[in-house]
Each structure stands twice: as structure tokens, then as C-alpha cells.
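> Input file: my_file_0.cif. Contents: mmCIF, C-alpha atoms.
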```cif
data_start
#
loop_
_atom_site.label_atom_id
_atom_site.label_comp_id
_atom_site.auth_asym_id
_atom_site.auth_seq_id
_atom_site.Cartn_x
_atom_site.Cartn_y
_atom_site.Cartn_z
CA MET A 1 -9.63 -28.83 -7.63
CA SER A 2 -11.61 -25.53 -7.62
CA GLY A 3 -12.74 -26.07 -4.00
CA LYS A 4 -9.19 -26.29 -2.69
CA ARG A 5 -7.32 -23.38 -1.20
CA PRO A 6 -4.58 -22.04 -3.52
CA GLU A 7 -1.82 -22.80 -1.00
CA HIS A 8 -2.88 -26.48 -1.03
CA ILE A 9 -2.49 -26.74 -4.80
CA ALA A 10 1.07 -25.47 -5.32
CA PRO A 11 3.66 -23.06 -3.90
CA PRO A 12 2.96 -19.38 -4.68
CA ASP A 13 5.71 -19.01 -7.29
CA ILE A 14 4.21 -21.98 -9.17
CA PHE A 15 0.51 -21.34 -8.54
CA TYR A 16 0.68 -17.76 -9.82
CA ASN A 17 1.90 -18.67 -13.29
CA GLU A 18 1.31 -16.69 -16.48
CA ALA A 19 -2.26 -17.98 -16.89
CA GLU A 20 -3.21 -17.07 -13.31
CA ALA A 21 -1.41 -13.72 -13.51
CA LYS A 22 -3.45 -12.68 -16.58
CA LYS A 23 -6.64 -12.95 -14.51
CA TYR A 24 -5.40 -10.06 -12.33
CA ALA A 25 -4.88 -7.98 -15.46
CA TYR A 26 -8.07 -8.68 -17.43
CA ASN A 27 -10.66 -10.18 -15.02
CA SER A 28 -12.83 -7.24 -13.94
CA ARG A 29 -14.23 -9.10 -10.92
CA MET A 30 -10.78 -9.86 -9.50
CA ILE A 31 -9.60 -6.32 -10.16
CA THR A 32 -12.64 -4.91 -8.33
CA ILE A 33 -12.15 -7.19 -5.30
CA GLN A 34 -8.42 -6.47 -5.01
CA THR A 35 -9.00 -2.72 -5.38
CA LYS A 36 -11.69 -2.65 -2.68
CA MET A 37 -9.52 -4.62 -0.23
CA SER A 38 -6.58 -2.30 -0.95
CA GLU A 39 -8.73 0.77 -0.29
CA ARG A 40 -9.93 -0.76 2.98
CA ALA A 41 -6.35 -1.57 4.06
CA ILE A 42 -5.25 2.02 3.33
CA GLU A 43 -8.24 3.31 5.28
CA LEU A 44 -7.17 1.21 8.29
CA LEU A 45 -3.62 2.60 7.99
CA ASN A 46 -5.00 6.06 8.80
CA LEU A 47 -2.14 7.75 6.95
CA PRO A 48 -1.33 11.46 7.40
CA ASN A 49 -2.23 13.99 4.72
CA HIS A 50 1.30 14.24 3.32
CA PRO A 51 2.73 11.58 0.92
CA CYS A 52 4.27 8.48 2.56
CA HIS A 53 6.72 5.80 1.45
CA ILE A 54 4.89 2.46 1.74
CA LEU A 55 5.91 -1.19 1.43
CA ASP A 56 3.49 -3.50 -0.42
CA ILE A 57 4.13 -7.16 0.48
CA GLY A 58 2.76 -9.59 -2.11
CA CYS A 59 2.12 -6.73 -4.54
CA GLY A 60 1.31 -9.12 -7.40
CA SER A 61 0.22 -7.28 -10.54
CA GLY A 62 0.38 -3.90 -8.78
CA LEU A 63 -3.36 -3.34 -8.22
CA SER A 64 -2.88 -2.26 -4.61
CA GLY A 65 0.09 -0.13 -5.66
CA GLU A 66 -2.07 1.75 -8.14
CA VAL A 67 -4.44 2.70 -5.33
CA LEU A 68 -1.46 4.02 -3.35
CA SER A 69 -0.23 6.01 -6.35
CA GLU A 70 -3.68 7.53 -6.88
CA GLN A 71 -3.57 8.82 -3.30
CA GLY A 72 -0.18 10.42 -3.83
CA HIS A 73 2.05 7.90 -2.04
CA THR A 74 5.26 6.28 -3.25
CA TRP A 75 5.66 2.55 -2.80
CA VAL A 76 7.89 -0.50 -3.18
CA GLY A 77 6.27 -3.82 -4.11
CA LEU A 78 7.62 -7.25 -3.20
CA ASP A 79 6.43 -10.56 -4.64
CA ILE A 80 7.66 -14.14 -5.16
CA SER A 81 5.91 -14.69 -8.52
CA ARG A 82 7.85 -13.61 -11.60
CA ALA A 83 4.69 -13.89 -13.71
CA MET A 84 2.77 -11.49 -11.46
CA LEU A 85 5.65 -9.00 -11.45
CA GLY A 86 5.76 -9.31 -15.24
CA VAL A 87 2.10 -8.25 -15.43
CA ALA A 88 2.87 -5.31 -13.15
CA ILE A 89 5.66 -4.22 -15.51
CA GLU A 90 3.33 -4.51 -18.52
CA ARG A 91 0.78 -2.34 -16.73
CA GLU A 92 3.53 0.25 -16.13
CA VAL A 93 2.89 0.72 -12.42
CA MET A 94 4.52 3.67 -10.67
CA GLY A 95 6.21 1.76 -7.83
CA ASP A 96 9.51 -0.10 -7.62
CA LEU A 97 9.28 -3.90 -7.84
CA VAL A 98 11.37 -6.47 -5.95
CA TYR A 99 11.47 -10.22 -6.60
CA SER A 100 11.86 -11.85 -3.18
CA ASP A 101 10.37 -14.34 -0.71
CA ALA A 102 8.93 -12.59 2.36
CA GLY A 103 9.60 -15.71 4.43
CA ASP A 104 13.36 -15.18 3.94
CA GLY A 105 13.15 -11.72 5.50
CA LEU A 106 12.88 -8.20 4.13
CA MET A 107 16.29 -6.91 3.01
CA PHE A 108 15.65 -3.21 3.55
CA ARG A 109 17.47 -0.68 5.70
CA PRO A 110 16.03 0.07 9.16
CA GLY A 111 13.35 2.75 9.11
CA SER A 112 12.91 2.70 5.33
CA PHE A 113 9.09 2.80 5.23
CA ASP A 114 6.35 4.89 6.81
CA ALA A 115 3.74 2.12 6.52
CA CYS A 116 3.09 -1.33 5.07
CA ILE A 117 0.16 -3.09 3.44
CA SER A 118 -0.35 -6.63 2.24
CA ILE A 119 -3.33 -8.17 0.44
CA SER A 120 -3.90 -11.94 0.54
CA ALA A 121 -0.25 -12.89 1.04
CA ILE A 122 0.86 -13.78 4.57
CA GLN A 123 -1.28 -16.93 4.82
CA TRP A 124 1.20 -18.53 2.40
CA LEU A 125 3.87 -18.35 5.14
CA CYS A 126 1.84 -20.80 7.26
CA ASN A 127 2.60 -23.64 4.82
CA ALA A 128 5.80 -25.63 4.35
CA ASP A 129 6.42 -25.79 0.59
CA LYS A 130 9.95 -27.15 1.00
CA ARG A 131 11.69 -29.46 3.44
CA SER A 132 13.63 -26.52 4.83
CA HIS A 133 10.47 -24.48 5.46
CA VAL A 134 9.25 -24.21 9.06
CA PRO A 135 6.18 -21.90 9.22
CA GLN A 136 6.91 -20.62 12.74
CA LYS A 137 10.51 -19.72 11.82
CA ARG A 138 9.51 -18.08 8.53
CA LEU A 139 6.87 -15.97 10.29
CA LYS A 140 9.41 -14.99 12.94
CA VAL A 141 11.95 -13.90 10.32
CA PHE A 142 9.28 -12.02 8.38
CA PHE A 143 7.84 -10.03 11.31
CA ASN A 144 11.25 -9.28 12.85
CA SER A 145 12.52 -7.87 9.55
CA LEU A 146 9.25 -5.97 8.99
CA TYR A 147 9.54 -4.34 12.42
CA LYS A 148 13.07 -3.19 11.64
CA CYS A 149 12.34 -1.65 8.25
CA LEU A 150 9.43 0.47 9.56
CA THR A 151 9.87 3.87 11.17
CA LYS A 152 8.92 4.36 14.81
CA GLY A 153 5.16 4.78 15.11
CA ALA A 154 4.53 3.30 11.65
CA ARG A 155 1.54 1.07 10.97
CA ALA A 156 1.07 -2.10 8.96
CA VAL A 157 -2.23 -3.57 7.75
CA LEU A 158 -2.02 -7.14 6.49
CA GLN A 159 -5.14 -8.69 4.97
CA PHE A 160 -5.11 -12.48 4.88
CA TYR A 161 -7.33 -15.57 4.59
CA PRO A 162 -6.66 -17.93 7.53
CA GLU A 163 -7.50 -21.59 7.06
CA ASN A 164 -8.30 -22.15 10.74
CA PRO A 165 -7.96 -20.47 14.17
CA ALA A 166 -4.53 -22.10 14.62
CA GLN A 167 -3.15 -20.05 11.72
CA VAL A 168 -4.59 -16.86 13.22
CA SER A 169 -2.88 -17.67 16.51
CA MET A 170 0.40 -18.52 14.77
CA ILE A 171 0.47 -15.23 12.85
CA THR A 172 -0.57 -12.96 15.73
CA THR A 173 1.87 -14.66 18.12
CA ALA A 174 4.78 -14.13 15.71
CA ALA A 175 3.83 -10.45 15.30
CA MET A 176 3.56 -9.95 19.06
CA ARG A 177 6.95 -11.57 19.72
CA ALA A 178 8.55 -9.30 17.12
CA GLY A 179 7.48 -6.28 19.21
CA PHE A 180 4.32 -5.20 17.39
CA ARG A 181 1.18 -4.05 19.17
CA GLY A 182 -2.23 -4.02 17.60
CA GLY A 183 -5.03 -6.41 16.89
CA LEU A 184 -7.20 -8.27 14.42
CA VAL A 185 -10.09 -6.48 12.71
CA VAL A 186 -12.72 -8.75 11.13
CA ASP A 187 -14.99 -7.08 8.57
CA PHE A 188 -18.46 -8.59 8.06
CA PRO A 189 -17.91 -11.33 10.70
CA ASN A 190 -21.38 -12.84 10.18
CA SER A 191 -20.94 -13.30 6.43
CA THR A 192 -19.31 -16.39 4.94
CA LYS A 193 -18.19 -14.85 1.64
CA ALA A 194 -17.62 -11.19 2.62
CA LYS A 195 -15.69 -11.93 5.82
CA LYS A 196 -12.23 -10.34 5.74
CA TYR A 197 -9.36 -10.50 8.26
CA PHE A 198 -7.10 -7.45 8.68
CA LEU A 199 -4.11 -7.64 11.01
CA CYS A 200 -3.46 -4.05 12.16
CA LEU A 201 0.03 -3.61 13.62
CA PHE A 202 1.68 -0.66 15.35
CA ALA A 203 5.47 -0.36 15.56
CA GLY A 204 6.69 1.45 18.66
CA GLU A 205 3.24 2.58 19.84
CA THR A 206 2.50 2.44 23.58
CA SER A 207 -0.69 0.71 24.70
CA ASP A 208 -2.33 3.94 25.93
CA LYS A 209 -2.01 5.52 22.45
CA LEU A 210 -3.29 2.44 20.63
CA VAL A 211 -6.76 2.97 19.12
CA MET A 212 -8.14 0.13 17.02
CA PRO A 213 -10.56 0.83 14.14
CA GLU A 214 -14.03 -0.68 14.13
CA PRO A 215 -15.07 -3.46 11.71
CA LEU A 216 -17.19 -2.41 8.73
CA ALA A 217 -20.25 -4.35 9.93
CA ALA A 218 -20.18 -2.51 13.24
CA LYS A 219 -19.86 1.04 11.91
CA ALA A 220 -23.51 1.54 11.02
CA MET A 221 -24.90 -0.09 14.21
CA ASP A 222 -25.50 1.30 17.64
CA GLU A 223 -24.40 -0.54 20.79
CA GLU A 224 -27.63 -2.53 21.26
CA GLU A 225 -27.72 -3.72 17.63
CA LEU A 226 -24.05 -4.65 17.80
CA LYS A 227 -24.64 -6.84 20.86
CA SER A 228 -27.41 -8.77 19.16
CA ALA A 229 -25.53 -9.11 15.87
CA SER A 230 -22.01 -10.08 16.87
CA GLY A 231 -22.23 -11.18 20.47
CA ALA A 232 -21.06 -8.45 22.84
CA ILE A 233 -18.92 -5.41 23.46
CA ASP A 234 -15.97 -5.64 25.79
CA GLN A 235 -16.98 -3.61 28.84
CA LYS A 236 -13.37 -2.67 29.68
CA THR A 237 -12.10 -1.54 26.27
CA GLY A 238 -15.38 -0.68 24.51
CA GLN A 239 -14.22 -2.75 21.51
CA SER A 240 -16.48 -5.29 19.85
CA GLN A 241 -15.50 -8.94 19.88
CA ASP A 242 -14.78 -8.58 16.15
CA THR A 243 -11.70 -6.55 17.11
CA ILE A 244 -9.11 -8.67 18.91
CA LEU A 245 -6.31 -6.78 20.66
CA PHE A 246 -2.88 -8.04 21.63
CA GLY A 247 0.18 -6.45 23.19
CA GLY A 248 3.77 -6.51 22.07
CA ARG A 249 6.54 -8.45 23.75
CA SER A 250 7.92 -6.75 26.83
CA LYS A 251 11.46 -5.51 26.33
CA GLU A 252 12.28 -5.65 30.06
CA LYS A 253 14.82 -8.22 31.09
CA ARG A 254 13.77 -10.99 33.44
CA LYS A 255 14.82 -10.49 37.04
CA ARG A 256 17.36 -12.97 38.28
CA ILE A 257 16.64 -15.16 41.24
CA LYS A 258 17.95 -13.49 44.37
CA GLY A 259 18.50 -14.68 47.90
CA LYS A 260 17.16 -13.23 51.13
CA LYS A 261 19.72 -10.40 51.23
CA GLY A 262 19.06 -9.42 47.60
CA LYS A 263 22.24 -10.97 46.26
CA ARG A 264 22.18 -13.17 43.19
CA LEU A 265 22.43 -16.85 44.07
CA PRO A 266 25.58 -18.64 42.91
CA VAL A 267 24.94 -20.80 39.87
CA LYS A 268 24.53 -24.52 40.71
CA SER A 269 24.53 -23.87 44.44
CA ARG A 270 22.15 -25.91 46.60
CA GLN A 271 19.64 -23.06 47.00
CA TRP A 272 19.82 -22.26 43.26
CA ILE A 273 19.12 -25.90 42.32
CA LEU A 274 16.24 -26.18 44.81
CA ARG A 275 14.61 -23.08 43.32
CA LYS A 276 15.01 -24.47 39.81
CA LYS A 277 13.47 -27.81 40.81
CA GLU A 278 10.56 -26.05 42.51
CA SER A 279 9.78 -23.99 39.41
CA ALA A 280 9.99 -27.17 37.29
CA ARG A 281 7.47 -28.91 39.56
CA LYS A 282 5.07 -25.97 39.25
CA ALA A 283 5.36 -26.30 35.46
CA GLY A 284 4.32 -29.96 35.71
CA LYS A 285 7.74 -31.44 34.94
CA LYS A 286 9.12 -34.53 36.66
CA THR A 287 12.06 -33.96 39.00
CA TYR A 288 14.01 -36.08 41.46
CA GLU A 289 13.06 -35.83 45.13
CA ASP A 290 15.09 -33.51 47.33
CA SER A 291 17.55 -35.18 49.70
CA LYS A 292 20.74 -34.46 51.60
CA TYR A 293 22.66 -35.42 48.46
CA THR A 294 20.99 -32.73 46.31
CA ALA A 295 23.62 -30.39 44.79
CA ARG A 296 26.43 -32.24 46.57
CA ARG A 297 29.57 -32.25 44.51
CA ARG A 298 31.22 -35.56 43.71
CA ARG A 299 34.83 -36.21 44.46
CA PRO A 300 37.12 -36.11 41.43
CA ARG A 301 38.28 -39.45 40.08
CA PHE A 302 41.94 -40.26 39.64
#
```
What would you get if you wrote out this structure as C-alpha cells?


Amino acid sequence: MSGKRPEHIAPPDIFYNEAEAKKYAYNSRMITIQTKMSERAIELLNLPNHPCHILDIGCGSGLSGEVLSEQGHTWVGLDISRAMLGVAIEREVMGDLVYSDAGDGLMFRPGSFDACISISAIQWLCNADKRSHVPQKRLKVFFNSLYKCLTKGARAVLQFYPENPAQVSMITTAAMRAGFRGGLVVDFPNSTKAKKYFLCLFAGETSDKLVMPEPLAAKAMDEEELKSASGAIDQKTGQSQDTILFGGRSKEKRKRIKGKKGKRLPVKSRQWILRKKESARKAGKKTYEDSKYTARRRRPRF
């Protein structure tokens, strides 16, 4: 049982019961690990010098919130485990606590937060704990609502433990489709135990202003050492392969199919249908052969 991933044992609201929640209050090793990951996530946020209002998704017992409070920021914590929130209340954390499922969306007003962090939480959205749960839809709802509740130019750093590359792709694709830009920063990529994934997202940032931070393992190395240790450096962007960039979804509308004179083709006309069939063939789909009867209207029946 100990070798299994937590999300394979039980849903988060059941797995993080009172016994598990006490570990985050009294286990010094867990407290140290959570605190270090929280400090790293805040470092990647690159917050301004003035206090910010920050959302903490999967706040748990409030360990990451305490780090935010120590740095002078105000925060709101959200979690699905009542036991973990109970520990946070006992520890008298400074932030506001909300009992909610992130997969159902974030019920905050648009532009409510200057930044967002999350420690070891979003991988739970990749699992279907109920019949009604569809991971792709839950991730879509989560990232769309997160994008709305952040101010323009805000950043979000989400640390997570992916089970496989498919989960990484699922999460980054959902973030990109929601409009985020950014990338994936992998700390200590050559270590099995110390390896950490941080999804760094930018809301409303243009691609020319986007500067991704370097992984921890690459900070103390020069270019030659980095090539031998982690593989290579991208010659175009100068980023190491441990930093994976992606762009947000384009907001431009698709251009409609136009005829030779620039006019939009009538829907279901012969030329419109032939163009549709041609694009379907290029996509590898089966279509009927073109003939003189293509797009011919049938006579009405009496």
C-alpha cells in the first residue's frame, strides 16, 4: 500500500483524513518539505516588493500560507479536505480558508488575485473519483476559472507530481487552451527523489515579454556543463530542455472560406461542399467521391 500513489488509494477528501492531516502538523520532515517547495514556488512567482493578494489552491494545513504571511502577503486558501482545513484552523493561520473542489471551478470575482500558488494538488484532477468526473473537463473548468480570477499580467506557479508524460500533456494543454502562456520548469531533472515539476503560468503576458526562470540544477552550471548534464540548450530560445515553453490559445477568429472574389461562399453550395470534402480528405477522413450529383438538391416529395 505504501508504494502506491495517494490518488490511487482514495479520493483526496477521504485520503486526507484526520490521521493524515496530523502528519502535516507534527511531522517535521513533511513540514520541511512543504515549506521548501512553497518557498521555491514563491521564488518562481517573482512577486513585486509590495504586498500581494494570493490564491493558494490545495492549501491543506496552511504551511504554504504561513510562508506567504511571513513575506507580508495576504492570501486565500482553498482545499477539499475538511480535516486539513481543521488543522489549519487549529494552527491559527493568517489567511482566509475556503472548503471547495478546484475541479468544480473557482467561485471568485474576476481579477480578485495578484498571483496563485499550488503545492502537490493539481495532479488529483487527472483522476476520475466519481462517475461524473471527466479529467479533461475538470481541468478545463479549473484553468478557465483560474484565468478569470487573476489580474492581467498575474502569474501562477503550480507544483505537481505527474504520474506519466500523458498527465503532463493533459495539464499543459488545458492551461494553454484557457489562454495562459508559460512553461514547465523541472528542478533537479536528473534526480529521482528530488525531481520537482513547476508549471509557471502567465495571464495576459505577450510572448516577447515572457521570461522563464531556470531550473535549480542549471543555476550553478555554465553552458558546457549544462549540455553534458541535461542534454542540450535550445539554440533559438537559450532555454535548457528542463524548461518547456508553450503558448496560449490564439484569440483571433478563424477566417471563413471565401471564393475567388473574396465573398463568403453560400452555406451548402456546391463549391462550399467540395471545399469541405477536400479538407476532410486531407485530415484522413473517408468521403464519397465527387460526381455531377454532388450538392444537387432533391425534389420535394408530395

> Pick the closest to Asn190 in chain A from A:Gly72, A:Asn164, A:Pro215, A:Ala41: which is it, counting all atoms listed in the file?

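That would be A:Pro215, the residue with the smallest distance to Asn190 in chain A.
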
> So, with all atoms listed in the file as the atoms that count, which of A:Ala25, A:Ala283, A:Ala128, A:Ile57 lies closest to Met84 in chain A?

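Between A:Ala25, A:Ala283, A:Ala128, A:Ile57, the residue approaching Met84 in chain A most closely is A:Ala25.
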
> Can you turn the PyMOL selection byres ((chain A and resi 117-122) around 6) into a concrete residue list for this file, as a PyMOL selection string?

chain A and resi 56-58+116+123-125+156-160

> In terms of the shortest atom-to-atom distance over all atoms listed in the file, which of A:Lys285, A:Arg82, A:Arg91, A:Lys195 is closest to Phe15 in chain A?

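Of the candidates, the smallest distance to Phe15 in chain A is held by A:Arg82.
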
> Hey, what comes out of the PyMOL selection byres ((chain A and resi 293-297) around 7) on this file? Could you write it as a PyMOL selection string?

chain A and resi 269-270+273+290-292+298-299

> Closest to Glu18 in chain A among A:Met212, A:Ser69, A:His50, A:Ala88, using only C-alpha atoms?

A:Ala88

> Using CA of Asn27 in chain A and CA of Gly60 in chain A as the two end points, give the distance in Å to one decimal.

14.2 Å

> Report, in Å with one decimal, the straight-line distance from CA of Lys140 in chain A to CA of Phe180 in chain A.

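Pair CA of Lys140 in chain A / CA of Phe180 in chain A returns 11.9 Å.
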
> Residues at most 7 Å from Thr74 in chain A, counting all atoms listed in the file, excluding those fewer than 6 positions away in the same chain, as a compact mmCIF listing (two decimals) with C-alpha atoms, in the coordinates of the input?


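New file part.txt:
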```txt
# COMPACT_ATOMS: atom_id res chain seq x y z
CA CYS A 52 4.27 8.48 2.56
CA HIS A 53 6.72 5.80 1.45
CA ILE A 54 4.89 2.46 1.74
CA GLY A 95 6.21 1.76 -7.83
```

> In Å, how far is it from CA of Ala21 in chain A to CA of Val87 in chain A?

6.8 Å

> Name the residues captured by the PyMOL selection byres ((chain A and resi 7-13) around 7) when it is applied to the shown file; answer as a PyMOL selection string.

chain A and resi 4-6+14-16+80-81+124+129

> Kindly indicate which residue among A:Pro135, A:Gly105, A:Pro110, A:Pro165 lies nearest to Leu150 in chain A, using all atoms listed in the file for the distances.

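Ranking A:Pro135, A:Gly105, A:Pro110, A:Pro165 by distance to Leu150 in chain A, first place goes to A:Pro110.
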
> Looking at all atoms listed in the file, which of A:Lys152, A:Arg177, A:Arg275, A:His73 is the one that sits closest to Phe202 in chain A?

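Smallest separation from Phe202 in chain A among the options: A:Lys152.
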
> Edge lengths and centre in Å to one decimal, as AutoDock Vina command-line options, is what I'm after for the box along x, y and z that holds all listed atoms of range 276-292 of chain A once 3 Å is added on each side.


```
--center_x 12.5 --center_y -30.0 --center_z 43.3 --size_x 22.4 --size_y 18.1 --size_z 22.7
```

> Please output range 142-153 of chain A, rebuilt to include N, CA and C atoms, as a PDB file, in the frame of the given file.


```pdb
ATOM      1  N   PHE A 142      10.043 -13.037   9.104  1.00  0.00           N
ATOM      2  CA  PHE A 142       9.280 -12.020   8.380  1.00  0.00           C
ATOM      3  C   PHE A 142       8.913 -10.846   9.287  1.00  0.00           C
ATOM      4  N   PHE A 143       8.304 -11.113  10.442  1.00  0.00           N
ATOM      5  CA  PHE A 143       7.840 -10.030  11.310  1.00  0.00           C
ATOM      6  C   PHE A 143       9.005  -9.284  11.962  1.00  0.00           C
ATOM      7  N   ASN A 144      10.082  -9.972  12.300  1.00  0.00           N
ATOM      8  CA  ASN A 144      11.250  -9.280  12.850  1.00  0.00           C
ATOM      9  C   ASN A 144      11.847  -8.302  11.843  1.00  0.00           C
ATOM     10  N   SER A 145      11.962  -8.747  10.585  1.00  0.00           N
ATOM     11  CA  SER A 145      12.520  -7.870   9.550  1.00  0.00           C
ATOM     12  C   SER A 145      11.553  -6.740   9.203  1.00  0.00           C
ATOM     13  N   LEU A 146      10.241  -7.012   9.260  1.00  0.00           N
ATOM     14  CA  LEU A 146       9.250  -5.970   8.990  1.00  0.00           C
ATOM     15  C   LEU A 146       9.309  -4.884  10.061  1.00  0.00           C
ATOM     16  N   TYR A 147       9.459  -5.298  11.310  1.00  0.00           N
ATOM     17  CA  TYR A 147       9.540  -4.340  12.420  1.00  0.00           C
ATOM     18  C   TYR A 147      10.741  -3.409  12.249  1.00  0.00           C
ATOM     19  N   LYS A 148      11.851  -3.977  11.782  1.00  0.00           N
ATOM     20  CA  LYS A 148      13.070  -3.190  11.640  1.00  0.00           C
ATOM     21  C   LYS A 148      12.989  -2.169  10.507  1.00  0.00           C
ATOM     22  N   CYS A 149      12.351  -2.538   9.409  1.00  0.00           N
ATOM     23  CA  CYS A 149      12.340  -1.650   8.250  1.00  0.00           C
ATOM     24  C   CYS A 149      11.267  -0.572   8.321  1.00  0.00           C
ATOM     25  N   LEU A 150      10.438  -0.577   9.380  1.00  0.00           N
ATOM     26  CA  LEU A 150       9.430   0.470   9.560  1.00  0.00           C
ATOM     27  C   LEU A 150       9.954   1.557  10.490  1.00  0.00           C
ATOM     28  N   THR A 151       9.510   2.787  10.269  1.00  0.00           N
ATOM     29  CA  THR A 151       9.870   3.870  11.170  1.00  0.00           C
ATOM     30  C   THR A 151       9.106   3.743  12.487  1.00  0.00           C
ATOM     31  N   LYS A 152       9.587   4.425  13.511  1.00  0.00           N
ATOM     32  CA  LYS A 152       8.920   4.360  14.810  1.00  0.00           C
ATOM     33  C   LYS A 152       7.547   5.006  14.724  1.00  0.00           C
ATOM     34  N   GLY A 153       6.534   4.302  15.195  1.00  0.00           N
ATOM     35  CA  GLY A 153       5.160   4.780  15.110  1.00  0.00           C
ATOM     36  C   GLY A 153       4.458   4.419  13.824  1.00  0.00           C
TER      37      GLY A 153
END
```
